[in-house]
>>> print(open('my_file01.cif').read())   # mmCIF, C-alpha atoms
data_run
loop_
_atom_site.label_atom_id
_atom_site.label_comp_id
_atom_site.auth_asym_id
_atom_site.auth_seq_id
_atom_site.Cartn_x
_atom_site.Cartn_y
_atom_site.Cartn_z
CA MET A 2 -8.60 8.21 11.49
CA ASP A 3 -7.77 11.52 9.76
CA ILE A 4 -4.12 11.64 8.78
CA PHE A 5 -2.31 13.19 7.04
CA ILE A 6 7.29 25.24 3.30
CA SER A 7 7.69 25.93 0.08
CA SER A 8 10.32 23.56 -1.18
CA ALA A 9 12.31 23.35 -4.38
CA PHE A 10 11.81 20.13 -6.26
CA GLY A 11 14.28 19.23 -8.96
CA ASN A 12 12.80 20.28 -12.27
CA SER A 13 12.10 17.35 -14.52
CA GLN A 14 12.55 17.49 -18.24
CA LYS A 15 9.40 17.72 -20.35
CA LYS A 16 8.83 15.37 -23.23
CA LYS A 17 7.12 16.50 -26.40
CA GLU A 18 4.85 14.10 -28.17
CA LYS A 19 5.68 13.49 -31.80
CA LYS A 20 3.37 11.83 -34.23
CA MET A 21 5.34 9.87 -36.83
CA LYS A 22 5.73 6.42 -38.21
CA ILE A 23 8.89 4.81 -36.94
CA SER A 24 10.41 1.39 -37.19
CA ALA A 25 10.00 -1.30 -34.55
CA ALA A 26 13.66 -0.93 -33.64
CA VAL A 27 13.26 2.77 -32.94
CA VAL A 28 10.15 2.10 -30.87
CA ALA A 29 12.09 -0.35 -28.73
CA ALA A 30 14.91 2.13 -28.27
CA ALA A 31 12.53 4.92 -27.34
CA PHE A 32 10.77 2.66 -24.85
CA SER A 33 14.07 1.77 -23.23
CA LEU A 34 15.11 5.41 -23.04
CA ALA A 35 11.83 6.44 -21.43
CA PHE A 36 12.30 3.97 -18.62
CA SER A 37 15.94 4.87 -18.03
CA PHE A 38 15.07 8.54 -17.60
CA ILE A 39 15.24 9.44 -13.91
CA LEU A 40 13.04 12.10 -12.42
CA VAL A 41 14.47 13.36 -9.15
CA ASN A 42 12.64 15.50 -6.62
CA PHE A 43 14.29 17.48 -3.87
CA THR A 44 14.46 14.50 -1.52
CA GLY A 45 16.60 12.40 -3.80
CA GLN A 46 13.64 10.03 -4.15
CA CYS A 47 12.41 9.40 -7.65
CA ASP A 48 9.92 7.53 -9.75
CA ALA A 49 10.86 7.19 -13.39
CA ALA A 50 7.24 6.64 -14.42
CA LEU A 51 5.95 9.90 -12.92
CA GLN A 52 7.03 13.44 -13.63
CA GLN A 53 6.28 16.99 -12.71
CA GLY A 54 4.22 18.83 -15.29
CA PHE A 55 3.02 15.64 -16.98
CA TYR A 56 -0.11 17.38 -18.30
CA LYS A 57 1.59 20.47 -19.69
CA GLY A 58 0.35 20.97 -23.23
CA LYS A 59 -2.06 18.02 -23.02
CA CYS A 60 -5.29 19.80 -22.00
CA ASN A 61 -5.91 22.30 -24.80
CA SER A 62 -3.39 24.77 -23.36
CA LEU A 63 -5.19 24.77 -20.00
CA ASP A 64 -3.42 24.32 -16.66
CA VAL A 65 -4.69 21.05 -15.17
CA GLU A 66 -3.29 21.69 -11.70
CA ALA A 67 -4.78 25.20 -11.62
CA ILE A 68 -8.23 23.79 -12.42
CA VAL A 69 -7.99 21.35 -9.51
CA ALA A 70 -6.63 24.07 -7.23
CA SER A 71 -9.57 26.38 -7.98
CA VAL A 72 -12.02 23.73 -6.78
CA VAL A 73 -10.03 22.82 -3.68
CA LYS A 74 -9.49 26.46 -2.71
CA ARG A 75 -13.20 27.26 -2.85
CA ARG A 76 -14.14 24.13 -0.88
CA VAL A 77 -11.48 24.61 1.82
CA ASN A 78 -12.29 28.31 2.19
CA ASP A 79 -15.93 27.36 2.66
CA LYS A 80 -15.18 24.52 5.11
CA PRO A 81 -11.60 24.22 6.44
CA ARG A 82 -12.04 20.58 7.52
CA VAL A 83 -12.19 19.64 3.83
CA ALA A 84 -8.38 19.91 3.76
CA ALA A 85 -7.90 17.12 6.31
CA GLY A 86 -10.42 15.00 4.43
CA LEU A 87 -8.48 15.30 1.18
CA ILE A 88 -5.18 14.35 2.81
CA ARG A 89 -6.86 11.36 4.41
CA LEU A 90 -8.45 10.36 1.10
CA PHE A 91 -5.00 10.40 -0.53
CA PHE A 92 -3.55 8.23 2.25
CA HIS A 93 -6.40 5.72 2.19
CA ASP A 94 -6.17 5.41 -1.59
CA CYS A 95 -2.40 4.97 -1.79
CA PHE A 96 -2.23 2.48 1.07
CA VAL A 97 -4.52 -0.01 -0.71
CA ASN A 98 -3.47 -1.20 -4.18
CA GLY A 99 -1.30 1.90 -4.56
CA CYS A 100 -2.29 5.39 -5.72
CA ASP A 101 -4.80 4.30 -8.37
CA ALA A 102 -8.09 5.95 -7.29
CA SER A 103 -9.52 2.54 -6.43
CA ILE A 104 -11.10 4.10 -3.33
CA LEU A 105 -13.36 6.17 -5.58
CA LEU A 106 -15.03 3.24 -7.34
CA ASP A 107 -18.62 2.48 -6.35
CA GLY A 108 -19.85 -1.03 -5.63
CA ASP A 109 -21.50 -3.18 -2.98
CA SER A 110 -18.11 -4.53 -1.86
CA SER A 111 -15.78 -1.77 -3.04
CA GLU A 112 -13.12 -0.13 -0.85
CA LYS A 113 -15.59 2.58 0.12
CA THR A 114 -17.63 0.02 2.05
CA ALA A 115 -14.75 -1.14 4.28
CA PRO A 116 -15.17 0.04 7.91
CA PRO A 117 -12.04 2.25 7.94
CA ASN A 118 -13.33 4.09 4.86
CA LEU A 119 -16.91 4.74 5.96
CA SER A 120 -15.93 8.13 7.36
CA VAL A 121 -13.65 9.12 4.47
CA SER A 122 -14.67 12.40 2.84
CA GLY A 123 -13.63 14.53 -0.11
CA TYR A 124 -15.23 12.47 -2.86
CA ASP A 125 -17.39 15.39 -3.98
CA VAL A 126 -14.33 17.63 -4.34
CA ILE A 127 -12.65 15.11 -6.63
CA ASP A 128 -15.88 14.69 -8.60
CA GLU A 129 -16.19 18.43 -9.20
CA ALA A 130 -12.59 18.74 -10.36
CA LYS A 131 -12.97 15.71 -12.61
CA GLY A 132 -16.12 17.18 -14.17
CA LEU A 133 -14.33 20.41 -15.04
CA LEU A 134 -11.36 18.55 -16.47
CA GLU A 135 -13.55 16.31 -18.61
CA GLU A 136 -15.14 19.45 -20.06
CA ALA A 137 -11.72 20.93 -20.71
CA CYS A 138 -10.02 17.83 -22.14
CA ALA A 139 -11.98 14.59 -22.00
CA GLY A 140 -10.12 11.38 -21.26
CA VAL A 141 -6.82 13.05 -20.37
CA VAL A 142 -6.52 13.47 -16.58
CA SER A 143 -6.74 10.48 -14.24
CA CYS A 144 -8.74 10.45 -11.04
CA ALA A 145 -5.61 9.17 -9.26
CA ASP A 146 -3.71 12.32 -10.24
CA ILE A 147 -6.60 14.54 -9.17
CA ILE A 148 -6.46 12.99 -5.68
CA ALA A 149 -2.70 13.63 -5.45
CA ILE A 150 -2.98 17.21 -6.70
CA ALA A 151 -5.92 17.96 -4.40
CA ALA A 152 -4.02 16.64 -1.36
CA ARG A 153 -1.09 18.93 -2.17
CA ASP A 154 -3.44 21.89 -2.56
CA ALA A 155 -5.06 21.03 0.78
CA VAL A 156 -1.65 21.21 2.45
CA GLN A 157 -0.82 24.51 0.78
CA LEU A 158 -4.17 26.08 1.67
CA SER A 159 -3.57 25.03 5.29
CA GLU A 160 -0.39 27.13 5.43
CA GLY A 161 1.80 24.10 4.84
CA GLY A 162 3.61 25.54 1.85
CA ARG A 163 3.68 24.10 -1.65
CA TYR A 164 5.46 20.99 -2.84
CA GLU A 165 5.54 19.89 -6.46
CA VAL A 166 3.40 16.89 -7.39
CA GLN A 167 4.55 14.22 -9.80
CA THR A 168 1.78 13.16 -12.16
CA GLY A 169 1.17 10.55 -14.84
CA ARG A 170 -0.81 8.01 -12.82
CA ARG A 171 -3.59 5.99 -14.36
CA ASP A 172 -6.72 4.64 -12.69
CA GLY A 173 -7.07 1.07 -11.44
CA PHE A 174 -9.71 -1.53 -12.18
CA VAL A 175 -9.92 -3.34 -8.82
CA SER A 176 -11.65 -2.05 -5.69
CA LEU A 177 -12.48 -4.58 -2.98
CA ALA A 178 -13.29 -3.98 0.67
CA SER A 179 -11.39 -7.18 1.46
CA ASN A 180 -8.17 -5.52 0.24
CA VAL A 181 -8.42 -2.67 2.75
CA ASP A 182 -5.79 -3.29 5.41
CA LEU A 183 -4.90 0.08 6.89
CA PRO A 184 -2.72 0.55 9.98
CA SER A 185 -4.93 0.80 13.06
CA PRO A 186 -4.89 3.87 15.32
CA ARG A 187 -4.35 1.36 18.15
CA PHE A 188 -1.21 -0.11 16.60
CA SER A 189 2.12 0.01 18.39
CA VAL A 190 4.95 1.84 16.66
CA SER A 191 6.47 -1.47 15.56
CA GLN A 192 3.19 -2.67 14.08
CA SER A 193 2.66 0.60 12.28
CA ALA A 194 6.25 0.58 11.01
CA ASP A 195 5.74 -2.90 9.58
CA ALA A 196 2.60 -1.77 7.75
CA PHE A 197 4.38 1.22 6.22
CA ALA A 198 7.46 -0.84 5.35
CA LYS A 199 5.30 -3.09 3.18
CA LYS A 200 4.61 0.01 1.09
CA GLY A 201 8.29 0.91 0.86
CA ILE A 202 7.96 3.73 3.38
CA GLY A 203 10.56 3.99 6.12
CA LEU A 204 10.25 4.78 9.80
CA THR A 205 11.09 8.49 9.56
CA GLU A 206 8.71 8.94 6.62
CA MET A 207 6.00 7.21 8.66
CA VAL A 208 6.47 9.73 11.48
CA LEU A 209 6.29 12.56 8.95
CA LEU A 210 3.12 11.26 7.29
CA LEU A 211 1.41 10.78 10.65
CA GLY A 212 2.24 14.45 11.17
CA GLY A 213 -0.66 15.04 8.80
CA HIS A 214 -2.73 14.64 11.97
CA THR A 215 -1.81 18.26 12.64
CA ILE A 216 -5.08 19.19 10.88
CA GLY A 217 -6.85 15.88 11.47
CA PHE A 218 -9.96 14.99 13.43
CA THR A 219 -11.22 11.76 14.93
CA ASN A 220 -14.20 10.41 16.84
CA CYS A 221 -14.53 9.29 20.45
CA SER A 222 -14.85 5.63 19.49
CA LEU A 223 -11.21 5.51 18.44
CA PHE A 224 -9.78 6.66 21.78
CA GLN A 225 -12.55 6.30 24.39
CA ASP A 226 -10.81 3.29 25.94
CA ARG A 227 -7.86 5.55 26.77
CA LEU A 228 -10.18 7.68 28.93
CA TYR A 229 -11.86 4.98 30.99
CA ASP A 230 -10.50 1.45 30.62
CA PHE A 231 -7.10 1.38 28.98
CA ASN A 232 -5.96 -2.19 28.32
CA ASN A 233 -8.79 -3.45 30.58
CA THR A 234 -7.29 -1.78 33.65
CA GLY A 235 -10.42 0.18 34.53
CA LYS A 236 -8.24 3.31 34.50
CA PRO A 237 -7.26 5.90 31.88
CA ASP A 238 -4.09 5.60 29.83
CA PRO A 239 -1.31 6.77 32.18
CA THR A 240 0.58 8.33 29.25
CA MET A 241 -2.21 10.85 28.62
CA ASP A 242 -2.07 14.23 30.35
CA PRO A 243 -4.62 13.99 33.24
CA LEU A 244 -6.02 17.42 32.39
CA LEU A 245 -6.65 16.25 28.84
CA VAL A 246 -8.36 13.13 30.17
CA MET A 247 -10.74 15.34 32.16
CA LYS A 248 -11.45 17.55 29.16
CA LEU A 249 -12.09 14.63 26.80
CA ARG A 250 -14.39 12.90 29.28
CA LEU A 251 -16.69 15.92 29.00
CA ILE A 252 -16.73 15.49 25.21
CA CYS A 253 -16.93 11.71 25.30
CA PRO A 254 -18.97 10.56 28.33
CA ARG A 255 -18.66 6.87 29.08
CA ASN A 256 -22.20 5.90 28.09
CA SER A 257 -22.89 8.49 25.39
CA PRO A 258 -22.98 7.93 21.60
CA ALA A 259 -19.32 7.51 20.74
CA ASP A 260 -19.08 9.62 17.60
CA ARG A 261 -21.20 12.66 18.30
CA ILE A 262 -18.43 15.32 18.30
CA PRO A 263 -15.22 15.37 16.23
CA VAL A 264 -12.05 15.86 18.24
CA SER A 265 -8.95 17.62 16.89
CA LEU A 266 -5.84 15.47 16.79
CA ASP A 267 -3.68 18.54 17.42
CA GLN A 268 -4.66 19.81 20.85
CA ASN A 269 -3.12 23.22 20.23
CA LEU A 270 -6.49 24.60 19.21
CA ARG A 271 -4.92 27.74 17.75
CA SER A 272 -3.36 25.43 15.16
CA THR A 273 -6.36 23.25 14.36
CA PHE A 274 -6.45 24.08 10.66
CA ILE A 275 -2.75 24.83 10.17
CA VAL A 276 -0.21 22.32 8.83
CA ASP A 277 2.74 22.83 11.18
CA ASN A 278 4.83 20.97 13.75
CA SER A 279 2.46 21.72 16.64
CA PHE A 280 1.23 18.12 16.58
CA TYR A 281 4.67 16.85 17.60
CA LYS A 282 4.93 19.38 20.41
CA GLN A 283 1.56 18.27 21.77
CA ILE A 284 2.32 14.54 21.77
CA ARG A 285 5.57 15.22 23.65
CA LEU A 286 3.40 16.76 26.36
CA GLY A 287 1.24 13.65 26.64
CA ARG A 288 -1.54 15.28 24.64
CA GLY A 289 -1.83 12.77 21.83
CA ILE A 290 -5.40 11.67 21.11
CA LEU A 291 -4.85 8.41 19.26
CA GLN A 292 -2.80 5.64 20.81
CA ILE A 293 -0.38 5.49 17.86
CA ASP A 294 0.17 9.27 18.00
CA GLN A 295 1.14 9.21 21.67
CA ALA A 296 3.31 6.15 21.11
CA LEU A 297 5.40 8.04 18.53
CA ALA A 298 6.63 10.38 21.25
CA LEU A 299 7.44 7.59 23.71
CA ASP A 300 8.79 4.69 21.67
CA PRO A 301 12.61 4.55 21.36
CA LEU A 302 12.19 3.85 17.65
CA THR A 303 10.63 7.24 16.97
CA ASN A 304 10.97 9.56 19.97
CA ASN A 305 14.17 11.21 18.69
CA THR A 306 12.54 11.94 15.33
CA VAL A 307 9.52 13.43 17.08
CA ALA A 308 11.77 15.62 19.24
CA SER A 309 13.68 16.81 16.19
CA LEU A 310 10.49 17.71 14.34
CA ALA A 311 8.99 19.40 17.40
CA ASN A 312 12.07 21.55 17.99
CA GLY A 313 13.15 22.13 14.39
CA ASN A 314 11.86 24.23 11.52
CA ASP A 315 12.03 21.72 8.68
CA PHE A 316 8.80 19.77 9.15
CA LEU A 317 6.97 21.39 6.24
CA ALA A 318 9.68 20.64 3.71
CA ARG A 319 10.10 17.07 4.96
CA PHE A 320 6.35 16.48 5.07
CA GLY A 321 6.14 17.46 1.41
CA GLN A 322 8.90 15.00 0.57
CA ALA A 323 7.08 12.20 2.39
CA MET A 324 3.84 13.00 0.57
CA VAL A 325 5.63 12.78 -2.79
CA LYS A 326 7.02 9.38 -1.84
CA LEU A 327 3.61 8.15 -0.69
CA GLY A 328 2.20 9.32 -4.03
CA ALA A 329 4.56 7.01 -5.91
CA VAL A 330 3.45 3.81 -4.15
CA ASP A 331 2.47 1.08 -6.65
CA VAL A 332 1.31 3.52 -9.31
CA LEU A 333 -0.11 2.50 -12.67
CA THR A 334 1.38 4.33 -15.66
CA ASP A 335 1.65 4.27 -19.44
CA SER A 336 -0.49 1.39 -20.79
CA GLN A 337 -1.48 0.16 -17.32
CA GLY A 338 -4.91 1.04 -15.98
CA GLU A 339 -7.12 3.61 -17.70
CA ILE A 340 -8.29 7.20 -17.61
CA ARG A 341 -11.81 6.93 -16.20
CA GLU A 342 -14.62 8.98 -17.68
CA SER A 343 -16.20 9.05 -14.22
CA CYS A 344 -14.20 8.49 -11.06
CA HIS A 345 -17.00 6.31 -9.68
CA PHE A 346 -16.99 3.66 -12.41
CA LYS A 347 -14.64 1.76 -14.65
CA ASN A 348 -15.00 2.67 -18.31
CA LYS A 349 -17.38 0.50 -20.31
CA PRO A 350 -15.69 -1.77 -22.86
CA ARG A 351 -15.81 -0.28 -26.30
CA SER A 352 -17.75 -2.29 -28.87
CA THR A 353 -15.88 -3.59 -31.89
CA PHE A 354 -17.73 -3.73 -35.18
CA LEU A 355 -16.59 -5.98 -37.99
CA PHE A 356 -17.55 -5.12 -41.55
CA GLY A 357 -17.43 -7.83 -44.16
#
>>> encode(input="my_file01.cif", output="structure tokens")
Amino acid sequence: MDIFISSAFGNSQKKKEKKMKISAAVVAAAFSLAFSFILVNFTGQCDAALQQGFYKGKCNSLDVEAIVASVVKRRVNDKPRVAAGLIRLFFHDCFVNGCDASILLDGDSSEKTAPPNLSVSGYDVIDEAKGLLEEACAGVVSCADIIAIAARDAVQLSEGGRYEVQTGRRDGFVSLASNVDLPSPRFSVSQSADAFAKKGIGLTEMVLLLGGHTIGFTNCSLFQDRLYDFNNTGKPDPTMDPLLVMKLRLICPRNSPADRIPVSLDQNLRSTFIVDNSFYKQIRLGRGILQIDQALALDPLTNNTVASLANGNDFLARFGQAMVKLGAVDVLTDSQGEIRESCHFKNKPRSTFLFG
């Protein structure tokens, strides 16, 4: 499932690194101060371990975010669907073990091999950005931060405006397919809400994040039952617009290969590659593709939020806020995790030589 306006974030204070020998007492005091410092973005949400502009002055005077943006811009301009892939990559990473780039690790039983992740894309974009950053300042920028920055750039390049990204994440060590437990596109609203709540994300934020489907695509296999045999009734889903059912049956014949043609999750085809509130307008018309998307517009838990987003003009700002909050889920910072040399592999242990 592919998921996922210029807004003013609160400016965070920048900390300058000082190299000096200090007493253990001063170290303890500095440590305490660092963790009491609160970084607030424009939503009122915060994460004291992350900050805007974390890499300023740390990459040989180069702009880390600009380097990532240059790669993403070229890739999205060449192939607009790359933007949706990067947003989805960000979501799939953060929802398993937190935003630690564990989805990027290779391995026979890594997260990449889990069924929900087999169609995830965007790895090559992250790899290219990482390669440039390693040339610019080796061992400084985490793969986890590159994913977060690239997702923001994907939103901006899709006319969704720019929100400020908090950085300072480090990369995780664990990547297991058995840990991948993503909310299903066939979930009810309550089931989906429970899954998001486990990550500290509320109901309204869930509706906003699923709004990332405004530039998303999916395959017939994830909604074909809604066209022919919904809930084993032998009939299509009655909540789907009958004209849309007819259209989708032409794309997804009953006995054809299920995933031959990607289908846009926002059925306003003039808005296919634009991050806007069109998705919410479409699901209110019974034109949701995935079961969970259509349920958002019908369930009493979320229908008022959907109506507000469909009729209002604040979706872009609120979507940016929700993306910032998602990016703070279970992050590794400071001495936790590592800065990978390659996003595909954990760093090799460094040998220790003893001289006698």
>>> resolve_selection(input="my_file01.cif", expression="the PyMOL selection byres ((chain A and resi 304-320) around 8)", output="number ranges by chain")
A: 6-8, 161-162, 164, 205, 208-210, 212, 276-282, 285, 297-303, 321-324
>>> atom_distance(input="my_file01.cif", atom1="CA of Asn269 in chain A", atom2="CA of Ile284 in chain A")
10.4 Å
>>> closest_residue(input="my_file01.cif", among="A:Gln292, A:Ser103, A:Gln167, A:Ser110", to="Leu228 in chain A", atoms="all atoms listed in the file")
A:Gln292
>>> resolve_selection(input="my_file01.cif", expression="the PyMOL selection byres ((chain A and resi 131) around 10)", output="list in words")
Ile68, Val69, Val72, Asp125, Val126, Ile127, Asp128, Glu129, Ala130, Gly132, Leu133, Leu134, Glu135, Glu136, Ala137, Ala139, Val142, Ser143, Cys144, Ile147, Ile148, Arg341, Glu342, Ser343 and Cys344 of chain A
>>> residues_around(input="my_file01.cif", residues="Ser222 in chain A", least_positions_apart="3", cutoff="12 Å", atoms="only C-alpha atoms", output="list in words")
Met2, Pro186, Arg187, Thr219, Gln225, Asp226, Arg227, Leu228, Tyr229, Leu249, Ile252, Cys253, Pro254, Arg255, Asn256, Ser257, Pro258, Ala259, Asp260, Arg261, Ile262, Pro263, Val264, Ile290 and Leu291 of chain A
>>> write_last_selection(input="my_file01.cif", atoms="C-alpha atoms", output="compact mmCIF listing (two decimals), in the frame of the given file")
# COMPACT_ATOMS: atom_id res chain seq x y z
CA MET A 2 -8.60 8.21 11.49
CA PRO A 186 -4.89 3.87 15.32
CA ARG A 187 -4.35 1.36 18.15
CA THR A 219 -11.22 11.76 14.93
CA GLN A 225 -12.55 6.30 24.39
CA ASP A 226 -10.81 3.29 25.94
CA ARG A 227 -7.86 5.55 26.77
CA LEU A 228 -10.18 7.68 28.93
CA TYR A 229 -11.86 4.98 30.99
CA LEU A 249 -12.09 14.63 26.80
CA ILE A 252 -16.73 15.49 25.21
CA CYS A 253 -16.93 11.71 25.30
CA PRO A 254 -18.97 10.56 28.33
CA ARG A 255 -18.66 6.87 29.08
CA ASN A 256 -22.20 5.90 28.09
CA SER A 257 -22.89 8.49 25.39
CA PRO A 258 -22.98 7.93 21.60
CA ALA A 259 -19.32 7.51 20.74
CA ASP A 260 -19.08 9.62 17.60
CA ARG A 261 -21.20 12.66 18.30
CA ILE A 262 -18.43 15.32 18.30
CA PRO A 263 -15.22 15.37 16.23
CA VAL A 264 -12.05 15.86 18.24
CA ILE A 290 -5.40 11.67 21.11
CA LEU A 291 -4.85 8.41 19.26
>>> residues_around(input="my_file01.cif", residues="Leu270 in chain A", least_positions_apart="3", cutoff="12 Å", atoms="only C-alpha atoms", output="list in words")
Thr215, Ile216, Gly217, Phe218, Val264, Ser265, Leu266, Asp267, Thr273, Phe274, Ile275, Ser279, Phe280, Gln283 and Arg288 of chain A
>>> build_atoms(input="my_file01.cif", residues="range 249-257 of chain A", atoms="all heavy atoms", output="PDB file, in the coordinates of the input")
ATOM      1  N   LEU A 249     -11.503  15.535  27.792  1.00  0.00           N
ATOM      2  CA  LEU A 249     -12.090  14.630  26.800  1.00  0.00           C
ATOM      3  C   LEU A 249     -13.255  13.831  27.370  1.00  0.00           C
ATOM      4  O   LEU A 249     -14.170  13.450  26.632  1.00  0.00           O
ATOM      5  CB  LEU A 249     -11.008  13.684  26.263  1.00  0.00           C
ATOM      6  CG  LEU A 249      -9.906  14.360  25.435  1.00  0.00           C
ATOM      7  CD1 LEU A 249      -8.840  13.337  25.031  1.00  0.00           C
ATOM      8  CD2 LEU A 249     -10.490  15.020  24.176  1.00  0.00           C
ATOM      9  N   ARG A 250     -13.245  13.592  28.669  1.00  0.00           N
ATOM     10  CA  ARG A 250     -14.390  12.900  29.280  1.00  0.00           C
ATOM     11  C   ARG A 250     -15.656  13.729  29.184  1.00  0.00           C
ATOM     12  O   ARG A 250     -16.760  13.180  29.113  1.00  0.00           O
ATOM     13  CB  ARG A 250     -14.072  12.556  30.739  1.00  0.00           C
ATOM     14  CG  ARG A 250     -13.172  11.335  30.901  1.00  0.00           C
ATOM     15  CD  ARG A 250     -12.917  11.042  32.368  1.00  0.00           C
ATOM     16  NE  ARG A 250     -12.255   9.746  32.548  1.00  0.00           N
ATOM     17  CZ  ARG A 250     -11.936   9.230  33.730  1.00  0.00           C
ATOM     18  NH1 ARG A 250     -12.207   9.918  34.846  1.00  0.00           N
ATOM     19  NH2 ARG A 250     -11.345   8.048  33.815  1.00  0.00           N
ATOM     20  N   LEU A 251     -15.521  15.058  29.171  1.00  0.00           N
ATOM     21  CA  LEU A 251     -16.690  15.920  29.000  1.00  0.00           C
ATOM     22  C   LEU A 251     -17.236  15.823  27.578  1.00  0.00           C
ATOM     23  O   LEU A 251     -18.446  15.923  27.355  1.00  0.00           O
ATOM     24  CB  LEU A 251     -16.314  17.377  29.311  1.00  0.00           C
ATOM     25  CG  LEU A 251     -15.907  17.666  30.750  1.00  0.00           C
ATOM     26  CD1 LEU A 251     -15.456  19.124  30.883  1.00  0.00           C
ATOM     27  CD2 LEU A 251     -17.051  17.370  31.714  1.00  0.00           C
ATOM     28  N   ILE A 252     -16.332  15.615  26.617  1.00  0.00           N
ATOM     29  CA  ILE A 252     -16.730  15.490  25.210  1.00  0.00           C
ATOM     30  C   ILE A 252     -17.235  14.087  24.914  1.00  0.00           C
ATOM     31  O   ILE A 252     -18.182  13.903  24.134  1.00  0.00           O
ATOM     32  CB  ILE A 252     -15.544  15.836  24.295  1.00  0.00           C
ATOM     33  CG1 ILE A 252     -15.083  17.281  24.532  1.00  0.00           C
ATOM     34  CG2 ILE A 252     -15.903  15.632  22.824  1.00  0.00           C
ATOM     35  CD1 ILE A 252     -13.800  17.637  23.814  1.00  0.00           C
ATOM     36  N   CYS A 253     -16.630  13.117  25.566  1.00  0.00           N
ATOM     37  CA  CYS A 253     -16.930  11.710  25.300  1.00  0.00           C
ATOM     38  C   CYS A 253     -17.330  10.996  26.598  1.00  0.00           C
ATOM     39  O   CYS A 253     -16.546  10.195  27.143  1.00  0.00           O
ATOM     40  CB  CYS A 253     -15.716  11.008  24.708  1.00  0.00           C
ATOM     41  SG  CYS A 253     -15.003  11.801  23.258  1.00  0.00           S
ATOM     42  N   PRO A 254     -18.522  11.267  27.127  1.00  0.00           N
ATOM     43  CA  PRO A 254     -18.970  10.560  28.330  1.00  0.00           C
ATOM     44  C   PRO A 254     -18.995   9.055  28.101  1.00  0.00           C
ATOM     45  O   PRO A 254     -19.213   8.589  26.977  1.00  0.00           O
ATOM     46  CB  PRO A 254     -20.371  11.118  28.559  1.00  0.00           C
ATOM     47  CG  PRO A 254     -20.389  12.427  27.848  1.00  0.00           C
ATOM     48  CD  PRO A 254     -19.513  12.250  26.660  1.00  0.00           C
ATOM     49  N   ARG A 255     -18.801   8.324  29.187  1.00  0.00           N
ATOM     50  CA  ARG A 255     -18.660   6.870  29.080  1.00  0.00           C
ATOM     51  C   ARG A 255     -19.832   6.211  28.339  1.00  0.00           C
ATOM     52  O   ARG A 255     -19.628   5.342  27.490  1.00  0.00           O
ATOM     53  CB  ARG A 255     -18.528   6.258  30.472  1.00  0.00           C
ATOM     54  CG  ARG A 255     -18.234   4.771  30.452  1.00  0.00           C
ATOM     55  CD  ARG A 255     -18.398   4.179  31.847  1.00  0.00           C
ATOM     56  NE  ARG A 255     -17.368   4.645  32.776  1.00  0.00           N
ATOM     57  CZ  ARG A 255     -16.215   4.000  32.993  1.00  0.00           C
ATOM     58  NH1 ARG A 255     -15.954   2.888  32.350  1.00  0.00           N
ATOM     59  NH2 ARG A 255     -15.354   4.478  33.870  1.00  0.00           N
ATOM     60  N   ASN A 256     -21.042   6.591  28.640  1.00  0.00           N
ATOM     61  CA  ASN A 256     -22.200   5.900  28.090  1.00  0.00           C
ATOM     62  C   ASN A 256     -22.926   6.694  27.008  1.00  0.00           C
ATOM     63  O   ASN A 256     -24.080   6.417  26.697  1.00  0.00           O
ATOM     64  CB  ASN A 256     -23.185   5.564  29.215  1.00  0.00           C
ATOM     65  CG  ASN A 256     -22.567   4.615  30.237  1.00  0.00           C
ATOM     66  OD1 ASN A 256     -21.912   3.649  29.864  1.00  0.00           O
ATOM     67  ND2 ASN A 256     -22.783   4.904  31.507  1.00  0.00           N
ATOM     68  N   SER A 257     -22.249   7.666  26.426  1.00  0.00           N
ATOM     69  CA  SER A 257     -22.890   8.490  25.390  1.00  0.00           C
ATOM     70  C   SER A 257     -22.584   7.913  24.012  1.00  0.00           C
ATOM     71  O   SER A 257     -21.676   7.078  23.857  1.00  0.00           O
ATOM     72  CB  SER A 257     -22.360   9.917  25.457  1.00  0.00           C
ATOM     73  OG  SER A 257     -20.993   9.932  25.058  1.00  0.00           O
TER      74      SER A 257
END
